[in-house]
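Just run35.csv here, CSV, C-alpha atoms and all ligand atoms:
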chain,number,residue,atom,x,y,z
A,1308,MET,CA,35.9,-112.9,134.2
A,1309,ARG,CA,33.3,-111.4,136.5
A,1310,ALA,CA,31.5,-108.1,136.1
A,1311,THR,CA,33.4,-105.2,137.6
A,1312,ARG,CA,30.6,-102.6,137.6
A,1313,SER,CA,27.9,-102.3,140.2
A,1314,CYS,CA,24.2,-101.9,139.8
A,1315,MET,CA,22.1,-99.2,141.5
A,1316,ALA,CA,18.5,-99.4,142.5
A,1317,GLU,CA,15.8,-98.8,139.9
A,1318,THR,CA,14.0,-95.5,139.4
A,1319,ALA,CA,10.6,-94.8,137.8
A,1320,ALA,CA,7.7,-97.1,137.1
A,1321,GLY,CA,7.9,-99.2,134.0
A,1322,ASP,CA,5.8,-98.2,131.1
A,1323,SER,CA,6.2,-99.8,127.7
A,1324,PHE,CA,4.4,-99.8,124.5
A,1325,ALA,CA,4.1,-102.1,121.6
A,1326,TYR,CA,3.1,-101.8,118.0
A,1327,ARG,CA,3.4,-103.7,114.7
A,1328,ASP,CA,5.4,-102.4,111.9
A,1329,ALA,CA,3.9,-101.8,108.4
A,1330,SER,CA,4.5,-105.3,107.3
A,1331,CYS,CA,3.0,-106.6,110.5
A,1332,CYS,CA,5.9,-109.1,110.7
A,1333,VAL,CA,8.1,-107.5,113.2
A,1334,PHE,CA,6.7,-106.7,116.6
A,1335,PHE,CA,8.2,-103.9,118.6
A,1336,LEU,CA,8.1,-103.9,122.4
A,1337,TRP,CA,10.1,-101.0,123.4
A,1338,ALA,CA,10.9,-100.5,127.0
A,1339,ILE,CA,14.4,-99.8,127.9
A,1340,GLY,CA,15.8,-100.5,131.4
A,1341,ASP,CA,15.3,-100.9,135.3
A,1342,ALA,CA,18.2,-101.1,137.7
A,1343,SER,CA,20.9,-98.9,136.3
A,1344,CYS,CA,24.4,-100.2,135.7
A,1345,SER,CA,26.9,-97.5,136.2
A,1346,GLY,CA,30.6,-96.8,135.7
A,1347,GLY,CA,33.2,-97.9,133.2
A,1348,GLY,CA,36.3,-100.0,133.2
A,1349,LYS,CA,37.1,-103.3,131.7
A,1350,GLY,CA,35.6,-106.6,132.5
A,1351,THR,CA,32.7,-108.7,131.4
A,1352,VAL,CA,29.5,-106.8,131.1
A,1353,LEU,CA,27.2,-109.3,129.6
A,1354,ILE,CA,27.1,-113.1,130.0
A,1355,VAL,CA,24.8,-115.3,128.0
A,1356,LYS,CA,24.8,-118.5,130.1
A,1357,GLN,CA,23.8,-121.8,128.6
A,1358,LEU,CA,20.6,-120.4,127.0
A,1359,CYS,CA,18.0,-122.9,125.8
A,1360,ARG,CA,14.8,-121.8,123.9
A,1361,SER,CA,12.4,-124.0,122.0
A,1362,PHE,CA,9.2,-123.2,120.1
A,1363,ARG,CA,6.4,-125.6,119.6
A,1364,GLU,CA,5.5,-126.4,116.0
A,1365,GLY,CA,2.4,-128.5,116.2
A,1366,GLU,CA,3.4,-131.7,117.9
A,1367,ARG,CA,7.1,-131.0,117.4
A,1368,GLU,CA,9.4,-129.0,119.7
A,1369,HIS,CA,11.8,-126.9,117.7
A,1370,ARG,CA,14.9,-126.2,119.8
A,1371,VAL,CA,16.3,-122.8,118.5
A,1372,LEU,CA,18.9,-122.2,121.2
A,1373,ASP,CA,20.7,-125.2,122.7
A,1374,HIS,CA,23.0,-124.1,125.5
A,1375,ALA,CA,24.1,-121.0,123.7
A,1376,HIS,CA,26.9,-119.5,125.8
A,1377,ALA,CA,29.1,-116.4,125.4
A,1378,GLU,CA,30.7,-113.6,127.4
A,1379,PHE,CA,31.0,-110.0,126.2
A,1380,ALA,CA,33.6,-107.6,127.5
A,1381,ASN,CA,32.8,-104.0,128.3
A,1382,ALA,CA,32.8,-101.8,125.2
A,1383,GLU,CA,33.4,-104.8,122.9
A,1384,VAL,CA,31.8,-104.9,119.5
A,1385,THR,CA,30.6,-108.4,118.5
A,1386,ALA,CA,29.0,-109.3,115.2
A,1387,VAL,CA,26.6,-112.3,115.4
A,1388,ILE,CA,26.1,-114.2,112.2
A,1389,GLY,CA,24.1,-117.2,111.2
A,1390,ARG,CA,21.7,-118.4,108.6
A,1391,SER,CA,18.2,-117.1,108.5
A,1392,GLY,CA,16.2,-118.9,111.2
A,1393,SER,CA,19.2,-119.8,113.3
A,1394,GLY,CA,17.9,-117.9,116.3
A,1395,LYS,CA,19.7,-114.6,116.1
A,1396,SER,CA,16.7,-112.4,116.9
A,1397,THR,CA,15.6,-114.9,119.5
A,1398,LEU,CA,19.0,-114.5,121.2
A,1399,LEU,CA,18.7,-110.7,121.3
A,1400,ASN,CA,15.1,-110.9,122.6
A,1401,LEU,CA,16.3,-113.1,125.4
A,1402,ILE,CA,19.2,-110.7,126.2
A,1403,SER,CA,16.8,-107.8,126.4
A,1404,GLY,CA,14.3,-109.7,128.4
A,1405,ILE,CA,11.6,-109.3,125.8
A,1406,ASP,CA,11.5,-113.2,125.7
A,1407,ARG,CA,12.2,-115.7,128.5
A,1408,PRO,CA,14.6,-118.8,128.1
A,1409,ASP,CA,13.4,-122.3,128.9
A,1410,SER,CA,16.7,-122.6,130.9
A,1411,GLY,CA,19.9,-120.7,131.3
A,1412,SER,CA,20.3,-117.1,132.1
A,1413,VAL,CA,21.5,-113.7,131.0
A,1414,GLU,CA,23.6,-111.6,133.3
A,1415,VAL,CA,24.2,-107.9,132.8
A,1416,ASP,CA,26.8,-106.4,135.2
A,1417,GLY,CA,26.4,-109.4,137.5
A,1418,LEU,CA,22.6,-109.0,137.6
A,1419,ASP,CA,20.6,-112.0,136.5
A,1420,VAL,CA,18.1,-110.4,134.1
A,1421,THR,CA,16.2,-113.6,133.6
A,1422,ALA,CA,15.3,-113.7,137.3
A,1423,LEU,CA,13.7,-110.2,137.2
A,1424,ALA,CA,9.9,-110.0,137.3
A,1425,GLU,CA,7.9,-107.1,135.9
A,1426,PRO,CA,8.0,-104.2,136.5
A,1427,ARG,CA,11.7,-104.4,137.4
A,1428,LEU,CA,12.5,-106.2,134.1
A,1429,THR,CA,11.0,-103.3,132.1
A,1430,LEU,CA,12.8,-100.8,134.2
A,1431,PHE,CA,16.1,-102.7,133.8
A,1432,ARG,CA,15.7,-102.8,130.0
A,1433,ARG,CA,14.8,-99.2,129.7
A,1434,LYS,CA,17.9,-98.0,131.4
A,1435,ASN,CA,20.5,-100.6,130.4
A,1436,ILE,CA,19.6,-101.8,126.9
A,1437,GLY,CA,19.5,-99.8,123.6
A,1438,PHE,CA,17.9,-101.5,120.6
A,1439,VAL,CA,18.3,-100.8,116.9
A,1440,TYR,CA,16.0,-102.7,114.6
A,1441,GLN,CA,16.1,-103.6,110.9
A,1442,PHE,CA,12.8,-101.7,110.3
A,1443,PHE,CA,13.7,-98.7,112.5
A,1444,ASN,CA,10.5,-99.0,114.6
A,1445,LEU,CA,10.2,-95.3,115.2
A,1446,VAL,CA,7.0,-94.0,116.7
A,1447,PRO,CA,5.2,-92.5,113.6
A,1448,THR,CA,3.1,-90.1,115.6
A,1449,LEU,CA,6.2,-88.4,117.1
A,1450,ASP,CA,8.6,-86.2,115.3
A,1451,VAL,CA,12.4,-86.9,115.1
A,1452,GLU,CA,13.2,-85.0,118.3
A,1453,GLU,CA,10.3,-86.5,120.3
A,1454,ASN,CA,11.3,-90.0,119.2
A,1455,VAL,CA,14.8,-89.5,120.7
A,1456,ARG,CA,13.7,-87.6,123.7
A,1457,LEU,CA,11.2,-90.3,124.7
A,1458,ALA,CA,14.1,-92.6,125.6
A,1459,LEU,CA,15.3,-90.0,128.1
A,1460,GLU,CA,11.9,-89.2,129.5
A,1461,LEU,CA,11.2,-92.9,130.1
A,1462,ASN,CA,14.3,-92.8,132.3
A,1463,GLY,CA,13.1,-89.8,134.2
A,1464,VAL,CA,15.2,-87.2,132.4
A,1465,ARG,CA,12.9,-84.3,131.5
A,1466,GLY,CA,12.7,-80.6,130.7
A,1467,ALA,CA,15.8,-78.6,129.6
A,1468,GLU,CA,18.2,-81.4,130.2
A,1469,ALA,CA,16.3,-83.8,128.1
A,1470,ARG,CA,16.0,-81.2,125.3
A,1471,GLU,CA,19.7,-80.4,125.4
A,1472,ARG,CA,20.8,-84.0,125.4
A,1473,THR,CA,18.5,-84.8,122.6
A,1474,SER,CA,19.8,-81.9,120.5
A,1475,ALA,CA,23.4,-83.0,121.1
A,1476,MET,CA,22.6,-86.5,120.1
A,1477,LEU,CA,20.8,-85.4,116.9
A,1478,ARG,CA,23.9,-83.3,116.1
A,1479,GLU,CA,26.1,-86.4,116.5
A,1480,VAL,CA,24.0,-88.3,114.0
A,1481,GLY,CA,23.9,-85.3,111.6
A,1482,LEU,CA,20.1,-84.7,111.9
A,1483,GLU,CA,19.8,-81.5,113.9
A,1484,ASP,CA,18.1,-79.8,111.0
A,1485,ARG,CA,15.5,-82.5,110.8
A,1486,ALA,CA,14.5,-82.3,114.5
A,1487,HIS,CA,10.9,-81.4,113.9
A,1488,SER,CA,10.3,-83.5,110.8
A,1489,ALA,CA,7.8,-86.2,110.8
A,1490,VAL,CA,9.7,-89.5,110.8
A,1491,ASP,CA,8.0,-90.8,107.7
A,1492,THR,CA,9.3,-88.0,105.6
A,1493,LEU,CA,12.9,-89.2,106.3
A,1494,SER,CA,14.9,-91.6,104.1
A,1495,GLY,CA,15.7,-95.1,105.3
A,1496,GLY,CA,19.2,-94.1,106.3
A,1497,GLU,CA,18.0,-91.0,108.2
A,1498,GLN,CA,15.4,-93.0,110.0
A,1499,GLN,CA,18.0,-95.5,111.1
A,1500,ARG,CA,20.2,-92.6,112.3
A,1501,VAL,CA,17.2,-91.4,114.4
A,1502,ALA,CA,16.9,-95.0,115.8
A,1503,ILE,CA,20.6,-95.0,116.6
A,1504,ALA,CA,20.3,-91.7,118.4
A,1505,ARG,CA,17.3,-93.0,120.3
A,1506,ALA,CA,19.1,-96.2,121.3
A,1507,LEU,CA,22.1,-94.4,122.7
A,1508,VAL,CA,20.8,-91.1,124.1
A,1509,HIS,CA,20.3,-92.5,127.6
A,1510,ARG,CA,23.8,-94.1,127.5
A,1511,PRO,CA,22.9,-97.8,128.0
A,1512,PRO,CA,25.8,-100.1,128.8
A,1513,VAL,CA,24.5,-102.6,126.3
A,1514,LEU,CA,23.4,-101.9,122.7
A,1515,LEU,CA,21.7,-104.6,120.6
A,1516,ALA,CA,21.3,-104.1,116.8
A,1517,ASP,CA,19.3,-106.7,114.8
A,1518,GLU,CA,20.3,-106.4,111.2
A,1519,PRO,CA,20.6,-102.6,111.4
A,1520,THR,CA,21.6,-102.2,107.8
A,1521,GLY,CA,19.3,-105.0,106.5
A,1522,ASN,CA,16.7,-102.6,105.2
A,1523,LEU,CA,19.2,-100.1,103.6
A,1524,ASP,CA,20.8,-100.1,100.2
A,1525,GLU,CA,24.5,-100.7,100.1
A,1526,GLU,CA,25.5,-97.1,99.8
A,1527,THR,CA,23.3,-96.0,102.7
A,1528,ALA,CA,24.4,-98.9,104.8
A,1529,ARG,CA,28.0,-97.7,104.2
A,1530,GLN,CA,27.1,-94.3,105.6
A,1531,VAL,CA,25.0,-95.6,108.6
A,1532,LEU,CA,27.4,-98.3,109.8
A,1533,PRO,CA,30.3,-95.9,110.9
A,1534,VAL,CA,27.7,-93.8,112.8
A,1535,LEU,CA,26.6,-96.8,114.8
A,1536,LEU,CA,30.1,-98.1,115.4
A,1537,SER,CA,31.7,-94.9,116.3
A,1538,LEU,CA,28.9,-93.7,118.6
A,1539,ALA,CA,28.8,-97.1,120.4
A,1540,ARG,CA,32.6,-97.0,120.8
A,1541,GLN,CA,32.7,-93.4,121.9
A,1542,ARG,CA,30.2,-94.2,124.7
A,1543,GLY,CA,31.8,-97.5,125.6
A,1544,ALA,CA,28.7,-99.5,125.0
A,1545,THR,CA,29.0,-103.2,124.6
A,1546,LEU,CA,27.5,-103.7,121.1
A,1547,LEU,CA,26.0,-106.9,119.6
A,1548,ILE,CA,25.2,-106.6,116.0
A,1549,VAL,CA,23.2,-109.3,114.2
A,1550,THR,CA,24.2,-109.0,110.5
A,1551,HIS,CA,24.6,-110.7,107.1
A,1552,ASP,CA,26.7,-107.7,106.1
A,1553,ALA,CA,30.4,-108.8,105.6
A,1554,ALA,CA,31.6,-105.2,106.0
A,1555,LEU,CA,29.8,-104.9,109.3
A,1556,ALA,CA,31.2,-108.2,110.6
A,1557,GLN,CA,34.7,-107.1,109.6
A,1558,ALA,CA,34.4,-103.9,111.5
A,1559,ALA,CA,33.6,-105.8,114.7
A,1560,ASP,CA,36.1,-106.8,117.4
A,1561,ARG,CA,35.0,-110.4,117.0
A,1562,VAL,CA,32.5,-112.5,115.1
A,1563,LEU,CA,30.3,-115.2,116.7
A,1564,GLU,CA,28.3,-117.6,114.7
A,1565,LEU,CA,25.0,-119.1,115.8
A,1566,ARG,CA,24.8,-122.6,114.5
A,1567,ASP,CA,22.8,-125.6,115.7
A,1568,GLY,CA,21.6,-123.5,118.6
A,1569,ARG,CA,25.1,-122.7,119.9
A,1570,LEU,CA,27.4,-119.7,119.8
A,1571,GLN,CA,30.9,-120.3,118.5
A,1572,GLU,CA,33.8,-118.1,117.3
A,1573,ALA,CA,33.3,-117.8,113.5
A,1574,SER,CA,36.0,-119.2,111.3
A,1575,SER,CA,37.3,-116.4,109.1
B,1,LIG,N1,7.5,-116.6,118.9
B,1,LIG,C1,7.8,-117.7,118.1
B,1,LIG,N2,6.9,-118.7,118.0
B,1,LIG,C2,7.3,-119.8,117.2
B,1,LIG,N3,8.5,-119.9,116.6
B,1,LIG,C3,9.3,-118.9,116.7
B,1,LIG,C4,9.0,-117.7,117.5
B,1,LIG,N4,10.1,-116.9,117.4
B,1,LIG,C5,11.0,-117.5,116.6
B,1,LIG,N5,10.5,-118.7,116.2
B,1,LIG,C6,11.2,-119.6,115.3
B,1,LIG,O1,12.6,-119.7,115.8
B,1,LIG,C7,13.5,-119.8,114.7
B,1,LIG,C8,14.5,-118.7,114.9
B,1,LIG,O2,13.9,-117.5,114.6
B,1,LIG,P1,14.8,-116.1,114.7
B,1,LIG,O3,15.4,-116.0,116.0
B,1,LIG,O4,13.8,-115.0,114.3
B,1,LIG,O5,15.9,-116.4,113.6
B,1,LIG,P2,16.9,-115.4,112.8
B,1,LIG,O6,16.8,-114.1,113.5
B,1,LIG,O7,18.2,-116.0,113.0
B,1,LIG,O8,16.5,-115.4,111.4
B,1,LIG,C9,12.7,-119.8,113.4
B,1,LIG,O9,12.5,-121.1,113.0
B,1,LIG,C10,11.4,-119.1,113.9
B,1,LIG,O10,10.3,-119.5,113.1
B,2,MG,MG,16.2,-112.2,112.8
Written as structure tokens, how would this file's structure read?
Ligand SMILES: Nc1ncnc2c1ncn2[C@@H]1O[C@H](COP(=O)(O)OP(=O)(O)O)[C@@H](O)[C@H]1O
Ligand SMILES: [Mg+2]
Amino acid sequence: MRATRSCMAETAAGDSFAYRDASCCVFFLWAIGDASCSGGGKGTVLIVKQLCRSFREGEREHRVLDHAHAEFANAEVTAVIGRSGSGKSTLLNLISGIDRPDSGSVEVDGLDVTALAEPRLTLFRRKNIGFVYQFFNLVPTLDVEENVRLALELNGVRGAEARERTSAMLREVGLEDRAHSAVDTLSGGEQQRVAIARALVHRPPVLLADEPTGNLDEETARQVLPVLLSLARQRGATLLIVTHDAALAQAADRVLELRDGRLQEASS
């Protein structure tokens, strides 16, 4: 299947920022979008084409992705499973353009993301990709409302419209009464709901979630999961969720397993 939606020219200049989380293990480079992909309808929105990615370990080359290939339909929810170290986060980083493949490509709406140079790549990511991380990666110096509004402002939506869309989004994740709270005063589940609001407020066609319930207790994960799925489905976002959570995988339209560097339909 080919993509059916068209891409428009990019808008504002690409600013991005990076910081390390508290454990200094997970880096966060957040910059969402460039050329905007508009419209709805069925079809393939994302193609991961024969991706290869290796990392050097001393003298040895460690091939993490070995011709990983998959197509993702518009508004489809896919769970990606695989043992720790199998390359799940590497795959998401390549899809979002945070990392570059050794060979192969990623297409979003027919646009070869891997061929984009900066600053177009950053602009593309900012507009078209939403990201939800295991450790939330909220900006600690901004309050709840500012964290969510930032995703709109980076896409050129400002003033009253940005404030109204942010309020509506916070209402949808049940956090309107925490709008002006410091993010570190929120529980893990609340912080992840802020992160979900931030990832979706600018209505990206593709939403990537890397173990979004991995840092939550079972009860909290059970509350956050439906929020993520129902908002993604409501907005028609194509969602890829990396997860070890069987309930999460069950709620997906399909499950792909990353094994030996390749993506394959998981046997149930
Ligand atoms: N930037 C990097 N430099 C070196 N090795 C890396 C880098 N990123 C990932 N790896 C290695 O690639 C493998 C897959 O990592 P990752 O994608 O994080 O796995 P998963 O998310 O499935 O647990 C691991 O062995 C990891 O150590
Ligand atoms: Mg990972």
**Request:** Pick out the residues no farther than 8 Å from ligand MG 2 (chain B), counting only C-alpha atoms and all ligand atoms, and list them as number ranges by chain.
**Result:** A: 1391-1392, 1394-1397, 1517-1518, 1549
**Message:** Around ligand LIG 1 (chain B), out to 10 Å and counting all atoms listed in the file, which residues are there? I want them as a PyMOL selection string.
**Reply:** chain A and resi 1333+1360-1364+1368-1372+1387-1401+1406+1517-1518+1549-1550+1565-1566+1568
Mind dumping the selected residues with C-alpha atoms as a short mmCIF file (atom, residue, chain, number, x, y, z; two decimals), keeping the file's coordinate frame?
data_model
loop_
_atom_site.label_atom_id
_atom_site.label_comp_id
_atom_site.auth_asym_id
_atom_site.auth_seq_id
_atom_site.Cartn_x
_atom_site.Cartn_y
_atom_site.Cartn_z
CA VAL A 1333 8.10 -107.50 113.20
CA ARG A 1360 14.80 -121.80 123.90
CA SER A 1361 12.40 -124.00 122.00
CA PHE A 1362 9.20 -123.20 120.10
CA ARG A 1363 6.40 -125.60 119.60
CA GLU A 1364 5.50 -126.40 116.00
CA GLU A 1368 9.40 -129.00 119.70
CA HIS A 1369 11.80 -126.90 117.70
CA ARG A 1370 14.90 -126.20 119.80
CA VAL A 1371 16.30 -122.80 118.50
CA LEU A 1372 18.90 -122.20 121.20
CA VAL A 1387 26.60 -112.30 115.40
CA ILE A 1388 26.10 -114.20 112.20
CA GLY A 1389 24.10 -117.20 111.20
CA ARG A 1390 21.70 -118.40 108.60
CA SER A 1391 18.20 -117.10 108.50
CA GLY A 1392 16.20 -118.90 111.20
CA SER A 1393 19.20 -119.80 113.30
CA GLY A 1394 17.90 -117.90 116.30
CA LYS A 1395 19.70 -114.60 116.10
CA SER A 1396 16.70 -112.40 116.90
CA THR A 1397 15.60 -114.90 119.50
CA LEU A 1398 19.00 -114.50 121.20
CA LEU A 1399 18.70 -110.70 121.30
CA ASN A 1400 15.10 -110.90 122.60
CA LEU A 1401 16.30 -113.10 125.40
CA ASP A 1406 11.50 -113.20 125.70
CA ASP A 1517 19.30 -106.70 114.80
CA GLU A 1518 20.30 -106.40 111.20
CA VAL A 1549 23.20 -109.30 114.20
CA THR A 1550 24.20 -109.00 110.50
CA LEU A 1565 25.00 -119.10 115.80
CA ARG A 1566 24.80 -122.60 114.50
CA GLY A 1568 21.60 -123.50 118.60
#
**Message:** Residues within 9 Å of Thr1448 in chain A, please, as a PyMOL selection string. Count only C-alpha atoms; anything in the same chain fewer than 2 positions from it doesn't count.
**Reply:** chain A and resi 1445-1446+1450+1454+1489-1490
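Of the residues listed (A:Val1534, A:Thr1421, A:Phe1438, A:Glu1526), A:Val1534 shows the shortest atom-to-atom separation from Leu1482 in chain A; distances use only C-alpha atoms.
Using all atoms listed in the file, the shortest contact distance between Ala1486 in chain A and any of A:Glu1564, A:Asp1524, A:Glu1452, A:Glu1471 is found at A:Glu1452.
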**Prompt:** From the set A:Ala1380, A:Leu1523, A:Ala1506, A:Gly1404, which residue has the shortest atom-to-atom contact distance to Pro1426 in chain A, counting all atoms listed in the file?
**Reply:** A:Gly1404
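Note that CA of Ala1382 in chain A and CA of Leu1538 in chain A are 11.2 Å apart.
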If we count all atoms listed in the file, what is near Arg1472 in chain A at a cut-off of 9 Å, once residues fewer than 4 positions away on the same chain are taken out, given as a PDB file with C-alpha atoms, in the frame of the given file?
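Final file, selection_35.pdb:
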ATOM      1  CA  ARG A1456      13.700 -87.600 123.700  1.00  0.00           C
ATOM      2  CA  LEU A1459      15.300 -90.000 128.100  1.00  0.00           C
ATOM      3  CA  ALA A1467      15.800 -78.600 129.600  1.00  0.00           C
ATOM      4  CA  GLU A1468      18.200 -81.400 130.200  1.00  0.00           C
ATOM      5  CA  MET A1476      22.600 -86.500 120.100  1.00  0.00           C
ATOM      6  CA  LEU A1477      20.800 -85.400 116.900  1.00  0.00           C
ATOM      7  CA  VAL A1508      20.800 -91.100 124.100  1.00  0.00           C
ATOM      8  CA  HIS A1509      20.300 -92.500 127.600  1.00  0.00           C
TER       9      HIS A1509
END
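Every protein, DNA or RNA residue with an atom at most 7 Å from His1376 in chain A, where only C-alpha atoms count and chain neighbours fewer than 6 positions away do not, is listed here: Val1355, Lys1356, Gln1357, Leu1358, Arg1569 and Leu1570 of chain A.
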**Message:** Residues proximal to (35.5, -103.2, 115.8) were defined as those with any atom within 8 Å of that point in the file's coordinates, counting only C-alpha atoms. Which are they, as an NGL selection string?
**Reply:** :A and (1383-1385 or 1536 or 1557-1561)
**Asked** Hey, which of A:Thr1429, A:Gln1530, A:Asn1435, A:Ser1412 ends up closest to Thr1545 in chain A? Count only C-alpha atoms.
**Response** A:Asn1435
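The two atoms in question, CA of Val1352 in chain A and CA of Asp1416 in chain A, are spaced 4.9 Å apart.
CA of Gly1495 in chain A to CA of Asn1522 in chain A spans 7.6 Å [interatomic distance, one decimal].
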**Residue among A:Ala1516, A:Ala1556, A:Leu1449, A:Leu1461 lying closest to Ala1544 in chain A, counting all atoms listed in the file** = A:Ala1516
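When only C-alpha atoms are used to measure the gap to Arg1542 in chain A, the shortest distance among A:Gly1417, A:Pro1511, A:Gly1466, A:Gly1350 belongs to A:Pro1511.
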